[in-house]
Amino acid sequence: MIKAVIMMNTQGKPRLTKFYDFQPPEKQQELVRTLYSVLCTRPEGVSNFVDVASIFGPDSRLVYKHYATLYFVFVYDSAENELAMLDLIQVFVETLDKCFKNVCELDIVFNYGKLHTIIDEIIFGGQVLETNSAEIMRAVEEISRLEAASSTISLVPKSVSNWRSR
Amino acid sequence: MANSSIMDTLFQRSLEDLIKGIRIHSPDASTPISAFLSKAMDEIRKEIKSTDPHTKSTALLKLTYLSSLYGYDMSWAAFHAVEVISYPRFSLKKIGYLSASASFNEDTEVLLLMTNQFRKDLSSPNDFEVSLALQCLSVIGTTDLCRDLCNDLFTLLSSTRSYVKKKAIAVILRVFSKYPDAVRVCFKRLVENLESSDPQAVCSAVGVFCELTLQDPKTYLPLAPEFYRVLLDCRNNWVLIKVLKIFAKLAPLEPRLGRKIVEPICEIMRRTMAKSLLFECIRTVVNGLSDHESAMKLAVSKVKEFLVDDDPNLKYLGLQALSDLTSRHSWAVLENQEAVVKSLSDVDPDIKLASLRLLMAMVSDDNVAEITKVLLNYALKSDPQFCNEILRSILVTCSRNYYEIVFDFDWYVSLLGEMSRIPHCQVGEEIESQLIDIGMRVKDARPELVNVGRDLLIDPALLGNPFLHRILSAAAWVSGEYVEFSRNPIELIEALLQPRTNLLPPSIRAVYIQSAFKILVFFLQSNLWQQDEGASSLIGDRTQGGSSPMIEAQLLEGNSLATYGSMTNSGHRFCAGDSSRSVDENGDEAVARGQPVSLAVSGRETSSQESVVKLLNFIQTAMESLSCSHEVEVQERARNVLGLVQLVKRYVLGCSVLHEENSGKKESETSEIVKLITDLCSEELGPVSVSAQARVPLPDGLTFQEDLSELDTIYHDIQLQPSSFSLGMSRYGDKGFPLTSNGQFKEESESSTKSESLLAEHRQRHGLYYLPSEKDGAASADYPPASGEKVEGDRHDEMNDLVKLTEQSLTVKKKPHRAKPRPIVVKLDEGENFIPTNKLESQNDMLSGAVRDVLLGNEDVSISSYGADPPSKWKGKEKLISDGPLDLRENSVTVESSDIGNPSSRRSKHKAHGKERRQHGHGKNDERREENSRKEKKKSSHHRHSRHKGDGKGGASMAGKAAADAPSDHRKISTVHVRMQVRKK
């Protein structure tokens, strides 16, 4: 089971937080801060796994990957394979890359909704459901199309039409 | 209203505007971002009340954003989220679901309103709408929701829409955990999906079973054949990993299963290129198949590859795999010892820690010396944090179970000394407690302990390091307590009183002074009076000190004489303690003291006196400055020492003048005082169990009152008692005090008898709250028993009790193969820590119970369907289910119509269970039959399901009665090979 997916930049600003067991917002922020303090002290060339039982409770492991200005962090338990989780980060990043054409931090910052769409296609309630980035892309594009279609109708907001009809 | 709504819509900040605003504010501190954010929150609060869906949902999206990335509370907006979810437009609905998944929890009340909305969305023709609902449900599903939506989800489990189906399967995990009864409805279909032709359905079904199996492996053992099929057929690494995780849990439960899966797993290990899968195989073998030697060998060889790999990730995982091996296959660890030791100097702190733990796990009494030597070398080289980690783990490992692995305590004590001198050492507290602990528990280690203590005390450089102060305190205590093993007490006193000791905190200075005091007393006793032992008849008493009342009395006298309260002596001296001890101790002492004494005798008497005077002068100068200290502990002890010094000095000087006369009185007085203090100091301290008090048996007729408020009424007449009470205690026993010539003493003894009588009075009145006096010694022997009129026989009984107690608690441990016997380590017999055992969650039990029920039924059918052709009417239904989405209504009709199952006999079920097991143990011939039966099962599954729905206990399937060969017209399970290769990094 995956417990949390967190993206933050190298200054410790969170860009995406997703917890699969409920955490109140203040607690989430605290966890992110603690996590950052752990990650930023890790030197280059060390393993991607960190022992986080002290932060997330027993039977929790963490894998992170550092891309450009971003940390990608997955917190999971013994039901997941460590290397597979590392691969999953890779899948996630690849999909982001396909989605945004050379993804950079700004894309992440401004596409909050889409980010969630993508991660929700990969991880469902803490379980890994899709690992093929082409499949993920297909679903994401479909959803985006659907969103766009439903919001084109909203170009004439109901309130406006109400007002005109009055 | 309409107007404001338009204004909101037209001028509302979108999420993008909000983000831009935040970005503008972030860098400069002139307009703080918090002000901007709280303004944005005010806007959101206004906008979210809008009736316009777009405005409302945009506000909700912004709120969700601020909540998840900036920690703003959004629980207040729960109702708005429900509203947004109910909008028909997909883009808005999505926002609603997003915010609900992020912010709802068990306590969110509005969840009750969502059941129908969920139901509606789950039956939507739009896959993505269904997906949104499922997604949300998988995170926030409560017991109520899961119960109410169970049937809807059941329908989706056999949906033809792969996209929906895989998510419906995954959500079942949440449903089972929240509402275990759902097992009766959904379990069959979940199992069916393990054999689905849809690889995505298989993938998520295996995922669900993996989670379930990890929680409670035993329950899912009957499903092993299904998992086995997946293991053989599946080419998807993700799925294989999950199946391996399942088998790692199942294999230890069923040896025959292990035999069956070991070959396929080894095959995967040999051929796979994916490290993740390889690692999972290794872990499965290590944890589940450790009896299979060839597989173990293969796995260990792969671990070795991991360990020597340049990739730190693989190294880390290799070490993890090794640590799983330590308990049962230490050979594998020893084989890789070199790689492990090398990893100690890795850059990665986690790798270093892992290898340290591995090394510590390898430690035994044979190699402890070598390993600690290696580790200390690493500790010297590494950074402070890891250095201390090393030291700490050495300390923990060596002290485990009363120093179980330490045979040579001289070595260990000097190791402790060595550790103290490591520059980064910050484990003073641990070393301190071990030094004292060993001193008390291991008699044979004391000489070396004093030796090591001396080396530490004498080094002025160590005083500058605050982390070492605790160790120095222990060293000081040890050298004072066991001074009889010291070769040069004068040197010790000089070390204890060196000027740099002013760097110590007062509490530790107090220990220093106290130790100096003890050493001085010892020195005086052995140098001044010991030599004319023959002349002084009083000295003869010393050897008879064994008789307990004598000692008791002497101790008490000593107490008052030197105003040497046991109160001041760190509170852990037990004078009433072991009479048996002091008997041996006296014998020991005579031997131990032989050395310094003989030295003194060989020297000239006069020179020895000179040295005494010199020493006394030295102490006097050192103490005079301290006697004005602001710290009471330091001041009081310094004054104690000064008092003694002056007393002795008067005697020594007087003695040298009047040496010829050998005038008895003064000498005998002083020498007696010194002797008494010596005896007091030579009383041995032992370890005291934390729970000693609890061992005092409850006396008959003692009743405890819950409420102690009554005590107030009892105590109100003796309000001011406490202060005089403690005084009475510390001075207790002035009765029969021989030296009453001094007026001051008389006065004191008067006051103490007064308080004592008060105490006795109190005791008489409220005897209920006192423990019987003979038990006092066992419970806590800090003070002499409180009863004034105690007869001697009583005391003897007490002593006997104590002797018994010590006999009980002394455990002698010997290992015959050692040339040098291991010294005795005093242990207290009861375990010092309790490990509370937690009961399993009841929820979990319910789940596994439900699953077991269903599985028993499942086997029943799978066996009976060997030769069973299910009745045709079921066939028709089955087609409906597998071919197209089943209408909810139709489903419920089925449920009703199927209620007519024959009542089953429990016996047939059990028989079936046994058969299943046997069959499972068979070779490949059976596999085809198995497969057939499974297909069969699939056919009849709908029937089975309905049966369970209708009647939990289930009737014997109608299929079970018919007997025919498995039909061949079933669709073959096609194994679609999915290329979802796990990427290599």
# chains A, B, ... in the order shown; residues from 1 in each chain; ligands from 1
$ closest_atom_pairs --of "chain A" --to "chain B" --cutoff "8 Å" --atoms "only C-alpha atoms" --output "CSV"
residue,atom,partner,partner_atom,distance
A:Met1,CA,B:Glu211,CA,7.2
A:Pro14,CA,B:Leu69,CA,5.8
A:Arg15,CA,B:Leu69,CA,6.6
A:Leu16,CA,B:Leu69,CA,6.8
A:Thr17,CA,B:Ser68,CA,6.1
A:Lys18,CA,B:Ala102,CA,7.5
A:Phe19,CA,B:Ala102,CA,7.7
A:Tyr20,CA,B:Val139,CA,6.1
A:Asp21,CA,B:Val139,CA,7.0
A:Phe22,CA,B:Asn105,CA,6.3
A:Pro24,CA,B:Ser103,CA,7.7
A:Pro25,CA,B:Gly71,CA,4.6
A:Glu26,CA,B:Gly71,CA,5.2
A:Gln28,CA,B:Gly71,CA,7.1
A:Gln29,CA,B:Gly71,CA,5.8
A:Pro43,CA,B:Asp348,CA,7.7
A:Gly45,CA,B:Pro312,CA,7.4
A:Val46,CA,B:Asp348,CA,5.0
A:Ser47,CA,B:Asn313,CA,4.5
A:Asn48,CA,B:Asn313,CA,6.2
A:Phe49,CA,B:Asn313,CA,7.0
A:Val50,CA,B:Asp350,CA,6.9
A:Asp51,CA,B:Asp350,CA,7.2
A:Ala79,CA,B:Glu211,CA,6.5
A:Glu80,CA,B:Lys242,CA,7.7
A:Asn81,CA,B:Ser276,CA,6.8
A:Glu82,CA,B:Ser276,CA,7.3
A:Leu83,CA,B:Ser276,CA,4.8
A:Ala84,CA,B:Ser276,CA,5.6
A:Leu86,CA,B:Lys985,CA,7.6
A:Asp87,CA,B:Arg983,CA,5.9
A:Gln90,CA,B:Lys985,CA,7.5
A:Val109,CA,B:Ile19,CA,7.7
A:Phe110,CA,B:Glu16,CA,6.4
A:Tyr112,CA,B:Tyr65,CA,7.6
A:Asp120,CA,B:Gln135,CA,7.6
A:Phe124,CA,B:Gln135,CA,6.2
A:Gly125,CA,B:Ser138,CA,4.9
A:Gln127,CA,B:Gly207,CA,7.1
A:Val128,CA,B:Gly207,CA,7.8
A:Leu129,CA,B:Ser204,CA,6.2
A:Thr131,CA,B:Met980,CA,6.9
A:Asn132,CA,B:Met980,CA,6.1
A:Ile143,CA,B:Phe128,CA,7.0
A:Leu146,CA,B:Phe90,CA,7.0
A:Glu147,CA,B:Ser91,CA,4.5
A:Ala148,CA,B:Ser91,CA,7.4
A:Ser150,CA,B:Arg89,CA,5.7
A:Ser151,CA,B:Ser91,CA,6.5
A:Ser154,CA,B:His54,CA,7.4
A:Pro157,CA,B:His54,CA,7.3
A:Lys158,CA,B:Asp52,CA,6.7
A:Ser159,CA,B:Asp52,CA,6.0
A:Val160,CA,B:Ile6,CA,6.6
A:Trp163,CA,B:Ala2,CA,6.7
$ residues_around --residues "Gly21 of chain B" --least-positions-apart "4" --cutoff "10 Å" --atoms "only C-alpha atoms" --output "JSON, numbers by chain"
{"B": [13, 15, 16, 17, 25, 26, 33, 36, 37, 40]}
$ write_last_selection --atoms "C-alpha atoms" --output "compact mmCIF listing (two decimals), in the first residue's frame"
# COMPACT_ATOMS: atom_id res chain seq x y z
CA ARG B 13 -9.76 34.82 -9.44
CA LEU B 15 -6.76 28.96 -9.46
CA GLU B 16 -4.18 30.13 -11.95
CA ASP B 17 -4.60 33.73 -10.80
CA HIS B 25 4.43 37.48 -3.25
CA SER B 26 6.80 34.68 -2.48
CA ILE B 33 2.47 36.10 1.63
CA PHE B 36 -2.19 37.64 0.57
CA LEU B 37 -3.29 34.15 1.42
CA ALA B 40 -7.59 34.87 -0.81
$ atom_distance --atom1 "atom CA of Asp148 of chain B" --atom2 "atom CA of Ala182 of chain B"
10.0 Å
$ select_by_dssp --residues "segment 60-166 of chain A" --states "helix (DSSP H, G or I)" --output "NGL selection string"
:A and (82-100 or 105-110 or 112-122 or 133-153 or 158-165)
$ closest_residue --among "B:Val690, B:Ala516, B:Val825, B:Val634" --to "Glu404 of chain B" --atoms "only C-alpha atoms"
B:Val825
$ residues_around --residues "His329 of chain B" --least-positions-apart "5" --cutoff "10 Å" --atoms "only C-alpha atoms" --output "list in words"
Val286, Ser290, Met296, Leu322, Ser323, Asp324 and Leu334 of chain B
$ select_by_dssp --residues "segment 53-128 of chain A" --states "strand (DSSP E)" --output "VMD selection string"
chain A and resid 61 to 67 70 to 76 123 to 124 127 to 128
$ closest_residue --among "A:Leu88, A:Ala134, A:Val140, A:Val93" --to "Gly113 of chain A" --atoms "only C-alpha atoms"
A:Val140
$ atom_distance --atom1 "atom CA of Pro222 of chain B" --atom2 "atom CA of Arg270 of chain B"
28.5 Å
$ atom_distance --atom1 "atom CA of Phe176 of chain B" --atom2 "atom CA of Leu112 of chain B"
19.2 Å
$ residues_around --residues "Ser327 of chain B" --least-positions-apart "6" --cutoff "10 Å" --atoms "only C-alpha atoms" --output "number ranges by chain"
B: 333, 361-362
$ closest_residue --among "A:Leu62, A:Leu35, A:Val103, A:Ile136" --to "Val91 of chain A" --atoms "only C-alpha atoms"
A:Ile136
